[in-house]
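Enquirer: Take a look at query37.pdb, PDB, C-alpha atoms:
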```
ATOM      1  CA  MET P   1      35.779  37.594  69.446
ATOM      2  CA  ASP P   2      34.122  35.676  72.212
ATOM      3  CA  PHE P   3      30.360  36.205  72.016
ATOM      4  CA  VAL P   4      28.288  35.051  74.952
ATOM      5  CA  ARG P   5      24.704  35.466  76.049
ATOM      6  CA  CYS P   6      23.840  37.045  79.403
ATOM      7  CA  GLU P   7      21.028  35.972  81.770
ATOM      8  CA  ARG P   8      18.682  38.574  80.210
ATOM      9  CA  GLY P   9      19.317  37.268  76.678
ATOM     10  CA  HIS P  10      21.726  39.959  75.403
ATOM     11  CA  PHE P  11      24.693  38.915  73.233
ATOM     12  CA  TYR P  12      28.030  40.668  73.885
ATOM     13  CA  ASP P  13      31.774  40.198  73.317
ATOM     14  CA  ARG P  14      33.245  38.908  76.606
ATOM     15  CA  GLY P  15      36.786  39.804  75.474
ATOM     16  CA  ALA P  16      35.857  43.477  74.949
ATOM     17  CA  ASN P  17      33.610  43.609  78.046
ATOM     18  CA  PRO P  18      35.203  41.490  80.831
ATOM     19  CA  GLY P  19      32.996  43.154  83.438
ATOM     20  CA  GLY P  20      29.839  41.565  82.089
ATOM     21  CA  CYS P  21      26.979  42.452  79.773
ATOM     22  CA  PRO P  22      27.236  46.096  78.726
ATOM     23  CA  PHE P  23      23.529  46.185  77.874
ATOM     24  CA  CYS P  24      22.520  45.123  81.360
ATOM     25  CA  ALA P  25      25.038  47.546  82.878
ATOM     26  CA  GLN P  26      23.579  50.369  80.846
ATOM     27  CA  LEU P  27      20.005  49.427  81.798
ATOM     28  CA  ASP P  28      20.951  49.066  85.477
ATOM     29  CA  GLY P  29      22.891  52.366  85.336
ATOM     30  CA  GLU P  30      19.885  54.204  83.870
ATOM     31  CA  LYS P  31      17.754  52.854  86.662
ATOM     32  CA  GLY P  32      20.387  53.593  89.329
ATOM     33  CA  GLY P  33      21.503  56.929  87.910
ATOM     34  CA  GLU P  34      24.967  55.985  86.571
ATOM     35  CA  ALA P  35      25.916  54.032  83.482
ATOM     36  CA  GLU P  36      29.342  52.598  82.826
ATOM     37  CA  ALA P  37      30.942  53.287  79.485
ATOM     38  CA  ALA P  38      31.306  50.010  77.655
ATOM     39  CA  THR P  39      32.173  48.822  74.204
ATOM     40  CA  VAL P  40      28.981  47.411  72.799
ATOM     41  CA  LEU P  41      29.012  45.107  69.808
ATOM     42  CA  GLU P  42      25.741  44.543  68.115
ATOM     43  CA  PRO P  43      24.935  40.939  67.236
ATOM     44  CA  GLU P  44      24.469  40.034  63.594
ATOM     45  CA  PRO P  45      20.964  41.043  62.552
ATOM     46  CA  VAL P  46      18.513  38.257  62.000
ATOM     47  CA  ALA P  47      16.778  38.451  58.649
ATOM     48  CA  ALA P  48      13.268  39.685  59.213
ATOM     49  CA  PRO P  49      10.503  39.642  56.647
ATOM     50  CA  GLU P  50      10.301  42.864  54.668
ATOM     51  CA  PRO P  51       7.487  45.100  55.860
ATOM     52  CA  ALA P  52       4.666  45.765  53.452
ATOM     53  CA  PRO P  53       5.025  49.116  51.705
ATOM     54  CA  ALA P  54       3.015  51.876  53.313
ATOM     55  CA  PRO P  55      -0.090  52.782  51.320
ATOM     56  CA  GLU P  56       0.194  56.025  49.398
ATOM     57  CA  PRO P  57      -1.882  58.825  50.883
ATOM     58  CA  GLU P  58      -5.012  59.678  48.962
ATOM     59  CA  PRO P  59      -4.811  63.002  47.161
ATOM     60  CA  THR P  60      -6.747  65.842  48.661
ATOM     61  CA  PRO P  61      -8.981  67.974  46.437
ATOM     62  CA  THR P  62      -6.594  70.910  46.841
ATOM     63  CA  SER P  63      -3.465  68.963  45.839
ATOM     64  CA  VAL P  64      -2.124  69.167  42.324
ATOM     65  CA  PRO P  65      -1.039  65.821  40.864
ATOM     66  CA  GLU P  66       2.566  65.479  39.768
ATOM     67  CA  PRO P  67       2.990  65.716  36.001
ATOM     68  CA  ALA P  68       3.565  62.309  34.485
ATOM     69  CA  SER P  69       4.340  61.244  31.002
ATOM     70  CA  PHE P  70       1.322  60.045  29.098
ATOM     71  CA  SER P  71       1.199  56.358  28.327
ATOM     72  CA  PRO P  72      -1.074  54.528  25.898
ATOM     73  CA  ALA P  73      -4.345  53.313  27.379
ATOM     74  CA  ALA P  74      -3.739  55.425  30.499
ATOM     75  CA  VAL P  75      -7.243  56.863  30.157
ATOM     76  CA  PRO P  76     -10.076  54.340  30.118
ATOM     77  CA  LEU P  77     -12.768  54.596  27.453
ATOM     78  CA  ASP P  78     -15.375  55.450  30.065
ATOM     79  CA  GLU P  79     -18.030  57.712  28.559
ATOM     80  CA  ASP P  80     -18.787  59.317  31.923
ATOM     81  CA  LEU P  81     -15.273  60.625  32.625
ATOM     82  CA  THR P  82     -14.603  64.229  31.639
ATOM     83  CA  VAL P  83     -11.397  64.677  29.616
ATOM     84  CA  GLY P  84     -11.725  68.441  29.066
ATOM     85  CA  TRP P  85     -14.158  71.252  28.310
ATOM     86  CA  LEU P  86     -15.221  73.602  25.570
ATOM     87  CA  VAL P  87     -15.927  77.018  27.079
ATOM     88  CA  CYS P  88     -17.976  79.511  25.067
ATOM     89  CA  VAL P  89     -15.990  82.762  25.003
ATOM     90  CA  ALA P  90     -18.144  84.583  22.398
ATOM     91  CA  GLY P  91     -21.655  84.135  21.059
ATOM     92  CA  PRO P  92     -25.134  83.541  22.488
ATOM     93  CA  ALA P  93     -23.903  80.902  24.994
ATOM     94  CA  ARG P  94     -20.995  83.025  26.314
ATOM     95  CA  GLY P  95     -19.764  81.779  29.692
ATOM     96  CA  ARG P  96     -21.197  78.256  29.399
ATOM     97  CA  SER P  97     -18.956  75.196  29.442
ATOM     98  CA  TYR P  98     -19.492  71.816  27.817
ATOM     99  CA  ALA P  99     -17.807  68.638  29.056
ATOM    100  CA  LEU P 100     -15.806  66.532  26.614
ATOM    101  CA  THR P 101     -15.498  62.760  27.043
ATOM    102  CA  ALA P 102     -13.273  60.081  25.501
ATOM    103  CA  GLY P 103     -14.148  59.381  21.885
ATOM    104  CA  ARG P 104     -16.302  61.801  19.870
ATOM    105  CA  THR P 105     -18.261  64.768  21.226
ATOM    106  CA  PHE P 106     -20.714  66.143  18.632
ATOM    107  CA  ILE P 107     -21.462  69.862  18.225
ATOM    108  CA  GLY P 108     -24.691  71.165  16.693
ATOM    109  CA  ARG P 109     -27.744  73.340  17.241
ATOM    110  CA  ALA P 110     -30.130  70.500  18.210
ATOM    111  CA  ALA P 111     -30.833  70.070  21.916
ATOM    112  CA  ASP P 112     -29.735  66.418  21.849
ATOM    113  CA  MET P 113     -26.188  67.201  20.685
ATOM    114  CA  ASP P 114     -23.297  66.712  23.154
ATOM    115  CA  VAL P 115     -22.531  70.444  22.761
ATOM    116  CA  PRO P 116     -25.968  71.990  22.031
ATOM    117  CA  LEU P 117     -25.540  75.508  20.635
ATOM    118  CA  THR P 118     -29.331  75.969  20.506
ATOM    119  CA  GLU P 119     -29.278  79.785  20.488
ATOM    120  CA  ASP P 120     -26.993  80.200  17.438
ATOM    121  CA  PRO P 121     -29.014  79.937  14.191
ATOM    122  CA  ALA P 122     -25.788  79.968  12.115
ATOM    123  CA  VAL P 123     -24.727  76.560  13.509
ATOM    124  CA  ALA P 124     -25.829  73.389  11.678
ATOM    125  CA  GLU P 125     -28.640  71.580  13.441
ATOM    126  CA  ARG P 126     -26.849  68.231  13.669
ATOM    127  CA  ARG P 127     -23.157  67.373  13.880
ATOM    128  CA  GLN P 128     -21.502  70.378  12.311
ATOM    129  CA  ALA P 129     -18.253  69.266  13.946
ATOM    130  CA  SER P 130     -16.968  66.789  16.483
ATOM    131  CA  VAL P 131     -14.148  67.041  18.991
ATOM    132  CA  VAL P 132     -12.279  63.771  19.436
ATOM    133  CA  PHE P 133     -10.189  62.733  22.422
ATOM    134  CA  ASP P 134      -7.963  59.738  21.676
ATOM    135  CA  PRO P 135      -7.197  57.972  24.990
ATOM    136  CA  ARG P 136      -4.279  56.055  23.433
ATOM    137  CA  THR P 137      -2.341  59.206  22.551
ATOM    138  CA  GLY P 138      -3.917  61.696  24.963
ATOM    139  CA  ARG P 139      -4.547  64.153  22.118
ATOM    140  CA  PHE P 140      -7.546  66.202  21.041
ATOM    141  CA  SER P 141      -8.621  66.873  17.456
ATOM    142  CA  VAL P 142     -11.593  68.332  15.594
ATOM    143  CA  THR P 143     -13.370  66.922  12.574
ATOM    144  CA  ALA P 144     -15.545  69.057  10.308
ATOM    145  CA  ASN P 145     -18.544  66.959   9.339
ATOM    146  CA  GLU P 146     -20.507  66.979   6.078
ATOM    147  CA  THR P 147     -22.598  70.122   6.551
ATOM    148  CA  ARG P 148     -22.878  73.373   4.618
ATOM    149  CA  GLU P 149     -21.777  75.363   7.658
ATOM    150  CA  LEU P 150     -18.037  75.857   8.127
ATOM    151  CA  THR P 151     -15.867  75.197  11.167
ATOM    152  CA  TYR P 152     -12.696  77.143  12.001
ATOM    153  CA  VAL P 153      -9.823  76.619  14.453
ATOM    154  CA  ASN P 154      -7.974  79.804  15.386
ATOM    155  CA  ASP P 155      -9.652  81.475  12.382
ATOM    156  CA  GLU P 156      -8.334  78.838   9.930
ATOM    157  CA  LEU P 157     -10.838  76.703   8.038
ATOM    158  CA  VAL P 158     -10.989  73.028   8.976
ATOM    159  CA  TYR P 159     -11.404  71.072   5.744
ATOM    160  CA  ASP P 160     -11.504  67.622   7.263
ATOM    161  CA  HIS P 161      -9.511  66.992  10.429
ATOM    162  CA  ARG P 162      -7.144  69.021  12.599
ATOM    163  CA  ASP P 163      -5.237  68.429  15.839
ATOM    164  CA  LEU P 164      -6.114  70.696  18.761
ATOM    165  CA  ARG P 165      -3.953  72.131  21.508
ATOM    166  CA  GLU P 166      -4.781  73.808  24.803
ATOM    167  CA  HIS P 167      -6.651  77.111  24.329
ATOM    168  CA  ASP P 168      -7.314  76.623  20.616
ATOM    169  CA  VAL P 169     -10.552  78.403  19.622
ATOM    170  CA  LEU P 170     -13.222  76.673  17.520
ATOM    171  CA  THR P 171     -15.602  78.960  15.618
ATOM    172  CA  LEU P 172     -18.993  77.644  14.512
ATOM    173  CA  GLY P 173     -21.486  80.271  13.323
ATOM    174  CA  SER P 174     -21.189  83.213  15.715
ATOM    175  CA  THR P 175     -20.029  80.952  18.583
ATOM    176  CA  ARG P 176     -16.395  80.724  19.677
ATOM    177  CA  LEU P 177     -15.412  77.788  21.904
ATOM    178  CA  LEU P 178     -12.116  77.618  23.829
ATOM    179  CA  LEU P 179     -10.556  74.156  24.415
ATOM    180  CA  VAL P 180      -9.594  73.536  28.051
ATOM    181  CA  PRO P 181      -8.096  70.017  28.293
ATOM    182  CA  LEU P 182      -7.999  67.999  31.518
ATOM    183  CA  CYS P 183      -6.395  64.780  30.270
ATOM    184  CA  GLY P 184      -3.098  64.650  28.447
ATOM    185  CA  ALA P 185       0.568  64.855  29.409
ATOM    186  CA  GLY P 186      -0.055  66.105  32.971
ATOM    187  CA  PHE P 187      -3.115  64.099  33.999
ATOM    188  CA  SER P 188      -4.831  60.796  33.282
ATOM    189  CA  TRP P 189      -7.729  59.057  35.002
ATOM    190  CA  ALA P 190      -5.613  55.903  35.382
ATOM    191  CA  GLY P 191      -3.725  57.601  38.217
ATOM    192  CA  TRP P 192      -6.921  58.107  40.224
ATOM    193  CA  PRO P 193      -8.472  54.834  41.369
ATOM    194  CA  ALA P 194     -12.248  54.635  41.405
TER
END
```
Starting from the coordinates I provided, produce the structure as structure tokens.
Expert:
Amino acid sequence: MDFVRCERGHFYDRGANPGGCPFCAQLDGEKGGEAEAATVLEPEPVAAPEPAPAPEPEPTPTSVPEPASFSPAAVPLDEDLTVGWLVCVAGPARGRSYALTAGRTFIGRAADMDVPLTEDPAVAERRQASVVFDPRTGRFSVTANETRELTYVNDELVYDHRDLREHDVLTLGSTRLLLVPLCGAGFSWAGWPA
């Protein structure tokens, strides 16, 4: 191979193209209306710096995030981030929802409880139960606290502690609360930058 450089700076194999630079011939032919067929050999590419990766597009409110496996510490212990909801499906507060956050969410009749069931006199005033979201495992559980009033999950008595799954129903007094998780195997706040 006999590589040479033409006047316009193109490299070509003179042995394969004795008539001159095939690049120039092609450019001149395009301008003049006719291009000669020529064997064109590309020069060895010069190493160029790798381009920076394109930024990922921000999710739109209507997009559904791809399910991802849950990893420890994927959800920050930020008290303001909602990790799920308890939705009242039966009882005086029917139709209301209560946000759950990482750590403990206390349920009672007093107005200052995280889940205030103020209209149900059969619920203990303070901390009858608490729903816990563990950000390290991405799991929900319920703890029955030291009150006379009883707490049930799916109509089974909670003696101390019990794991919760999506759509489990907590019963306190005449109130039934449905668990609707946000965080877990399919979603974590770590995937959504602030």
Enquirer: With all atoms listed in the file as the atoms that count, which of P:Ala129, P:Ala111, P:Ala90, P:Cys21 lies nearest to Leu177 in chain P?
Expert: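 Ranking P:Ala129, P:Ala111, P:Ala90, P:Cys21 by distance to Leu177 in chain P, first place goes to P:Ala90.
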Enquirer: Residue by residue, what does the PyMOL selection byres ((chain P and resi 145) around 8) grab here? Present the result as a VMD selection string.
Expert: chain P and resid 127 to 130 143 to 144 146 to 147 160
Enquirer: Quick one: distance from CA of Arg96 in chain P to CA of Leu157 in chain P in Å, one decimal?
Expert: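 Interatomic distance here is 23.8 Å.
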Enquirer: I'd like to see the residues matched by the PyMOL selection byres ((chain P and resi 162) around 10) on this file, and ideally I'd get them as an mmCIF file with C-alpha atoms, in the frame of the given file.
Expert:
```cif
data_model
loop_
_atom_site.group_PDB
_atom_site.id
_atom_site.type_symbol
_atom_site.label_atom_id
_atom_site.label_comp_id
_atom_site.auth_asym_id
_atom_site.auth_seq_id
_atom_site.Cartn_x
_atom_site.Cartn_y
_atom_site.Cartn_z
ATOM 1 C CA VAL P 131 -14.148 67.041 18.991
ATOM 2 C CA PHE P 140 -7.546 66.202 21.041
ATOM 3 C CA SER P 141 -8.621 66.873 17.456
ATOM 4 C CA VAL P 142 -11.593 68.332 15.594
ATOM 5 C CA THR P 143 -13.370 66.922 12.574
ATOM 6 C CA ALA P 144 -15.545 69.057 10.308
ATOM 7 C CA TYR P 152 -12.696 77.143 12.001
ATOM 8 C CA VAL P 153 -9.823 76.619 14.453
ATOM 9 C CA LEU P 157 -10.838 76.703 8.038
ATOM 10 C CA VAL P 158 -10.989 73.028 8.976
ATOM 11 C CA TYR P 159 -11.404 71.072 5.744
ATOM 12 C CA ASP P 160 -11.504 67.622 7.263
ATOM 13 C CA HIS P 161 -9.511 66.992 10.429
ATOM 14 C CA ASP P 163 -5.237 68.429 15.839
ATOM 15 C CA LEU P 164 -6.114 70.696 18.761
ATOM 16 C CA ARG P 165 -3.953 72.131 21.508
#
```
Enquirer: The PyMOL selection byres ((chain P and resi 171) around 12) on the file shown: which residues, as a PDB file with C-alpha atoms, keeping the file's coordinate frame?
Expert:
```pdb
ATOM      1  CA  LEU P  86     -15.221  73.602  25.570  1.00  0.00           C
ATOM      2  CA  VAL P  87     -15.927  77.018  27.079  1.00  0.00           C
ATOM      3  CA  CYS P  88     -17.976  79.511  25.067  1.00  0.00           C
ATOM      4  CA  VAL P  89     -15.990  82.762  25.003  1.00  0.00           C
ATOM      5  CA  ALA P  90     -18.144  84.583  22.398  1.00  0.00           C
ATOM      6  CA  GLY P  91     -21.655  84.135  21.059  1.00  0.00           C
ATOM      7  CA  ILE P 107     -21.462  69.862  18.225  1.00  0.00           C
ATOM      8  CA  LEU P 117     -25.540  75.508  20.635  1.00  0.00           C
ATOM      9  CA  ASP P 120     -26.993  80.200  17.438  1.00  0.00           C
ATOM     10  CA  ALA P 122     -25.788  79.968  12.115  1.00  0.00           C
ATOM     11  CA  VAL P 123     -24.727  76.560  13.509  1.00  0.00           C
ATOM     12  CA  GLN P 128     -21.502  70.378  12.311  1.00  0.00           C
ATOM     13  CA  ALA P 129     -18.253  69.266  13.946  1.00  0.00           C
ATOM     14  CA  VAL P 142     -11.593  68.332  15.594  1.00  0.00           C
ATOM     15  CA  ALA P 144     -15.545  69.057  10.308  1.00  0.00           C
ATOM     16  CA  GLU P 149     -21.777  75.363   7.658  1.00  0.00           C
ATOM     17  CA  LEU P 150     -18.037  75.857   8.127  1.00  0.00           C
ATOM     18  CA  THR P 151     -15.867  75.197  11.167  1.00  0.00           C
ATOM     19  CA  TYR P 152     -12.696  77.143  12.001  1.00  0.00           C
ATOM     20  CA  VAL P 153      -9.823  76.619  14.453  1.00  0.00           C
ATOM     21  CA  ASN P 154      -7.974  79.804  15.386  1.00  0.00           C
ATOM     22  CA  ASP P 155      -9.652  81.475  12.382  1.00  0.00           C
ATOM     23  CA  GLU P 156      -8.334  78.838   9.930  1.00  0.00           C
ATOM     24  CA  LEU P 157     -10.838  76.703   8.038  1.00  0.00           C
ATOM     25  CA  VAL P 158     -10.989  73.028   8.976  1.00  0.00           C
ATOM     26  CA  ASP P 168      -7.314  76.623  20.616  1.00  0.00           C
ATOM     27  CA  VAL P 169     -10.552  78.403  19.622  1.00  0.00           C
ATOM     28  CA  LEU P 170     -13.222  76.673  17.520  1.00  0.00           C
ATOM     29  CA  LEU P 172     -18.993  77.644  14.512  1.00  0.00           C
ATOM     30  CA  GLY P 173     -21.486  80.271  13.323  1.00  0.00           C
ATOM     31  CA  SER P 174     -21.189  83.213  15.715  1.00  0.00           C
ATOM     32  CA  THR P 175     -20.029  80.952  18.583  1.00  0.00           C
ATOM     33  CA  ARG P 176     -16.395  80.724  19.677  1.00  0.00           C
ATOM     34  CA  LEU P 177     -15.412  77.788  21.904  1.00  0.00           C
ATOM     35  CA  LEU P 178     -12.116  77.618  23.829  1.00  0.00           C
ATOM     36  CA  LEU P 179     -10.556  74.156  24.415  1.00  0.00           C
TER      37      LEU P 179
END
```
Enquirer: Once 5 Å is added on each side, what centre and edge lengths in Å to one decimal does the axis-aligned box around all listed atoms of range 108-118 of chain P have, as JSON?
Expert:
```
{"center_x": -26.7, "center_y": 71.2, "center_z": 19.9, "size_x": 18.3, "size_y": 19.6, "size_z": 16.5}
```
Enquirer: Using all atoms listed in the file, determine which residues lie at most 7 Å from Cys183 in chain P, disregarding the query and same-chain residues fewer than 6 positions distant; provide the list as a list in words.
Expert: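 Residues meeting the cut-off are Val83, Gly84 and Gly138 of chain P.
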Enquirer: Any idea what the distance is between CA of Ala190 in chain P and CA of Thr82 in chain P?
Expert: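 For CA of Ala190 in chain P relative to CA of Thr82 in chain P, the distance reads 12.8 Å.
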Enquirer: So how far away is CA of Phe3 in chain P from CA of Gln26 in chain P, in Å?
Expert: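 Those two atoms sit 18.0 Å apart.
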Enquirer: For Pro135 in chain P, which residue out of P:Glu166, P:Leu81, P:Tyr98, P:Pro92 is the nearest one, using all atoms listed in the file?
Expert: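 Between P:Glu166, P:Leu81, P:Tyr98, P:Pro92, the residue approaching Pro135 in chain P most closely is P:Leu81.
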Enquirer: Could you check the closest approach to Phe106 in chain P for each of P:Asp80, P:Glu50, P:Asp2, P:Glu125 and tell me which residue wins, using all atoms listed in the file?
Expert: P:Glu125
Enquirer: Looking at all atoms listed in the file, which of P:Gly20, P:Pro181, P:Gly15, P:Gly29 is the one that sits closest to Ala102 in chain P?
Expert: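 Closest candidate: P:Pro181.
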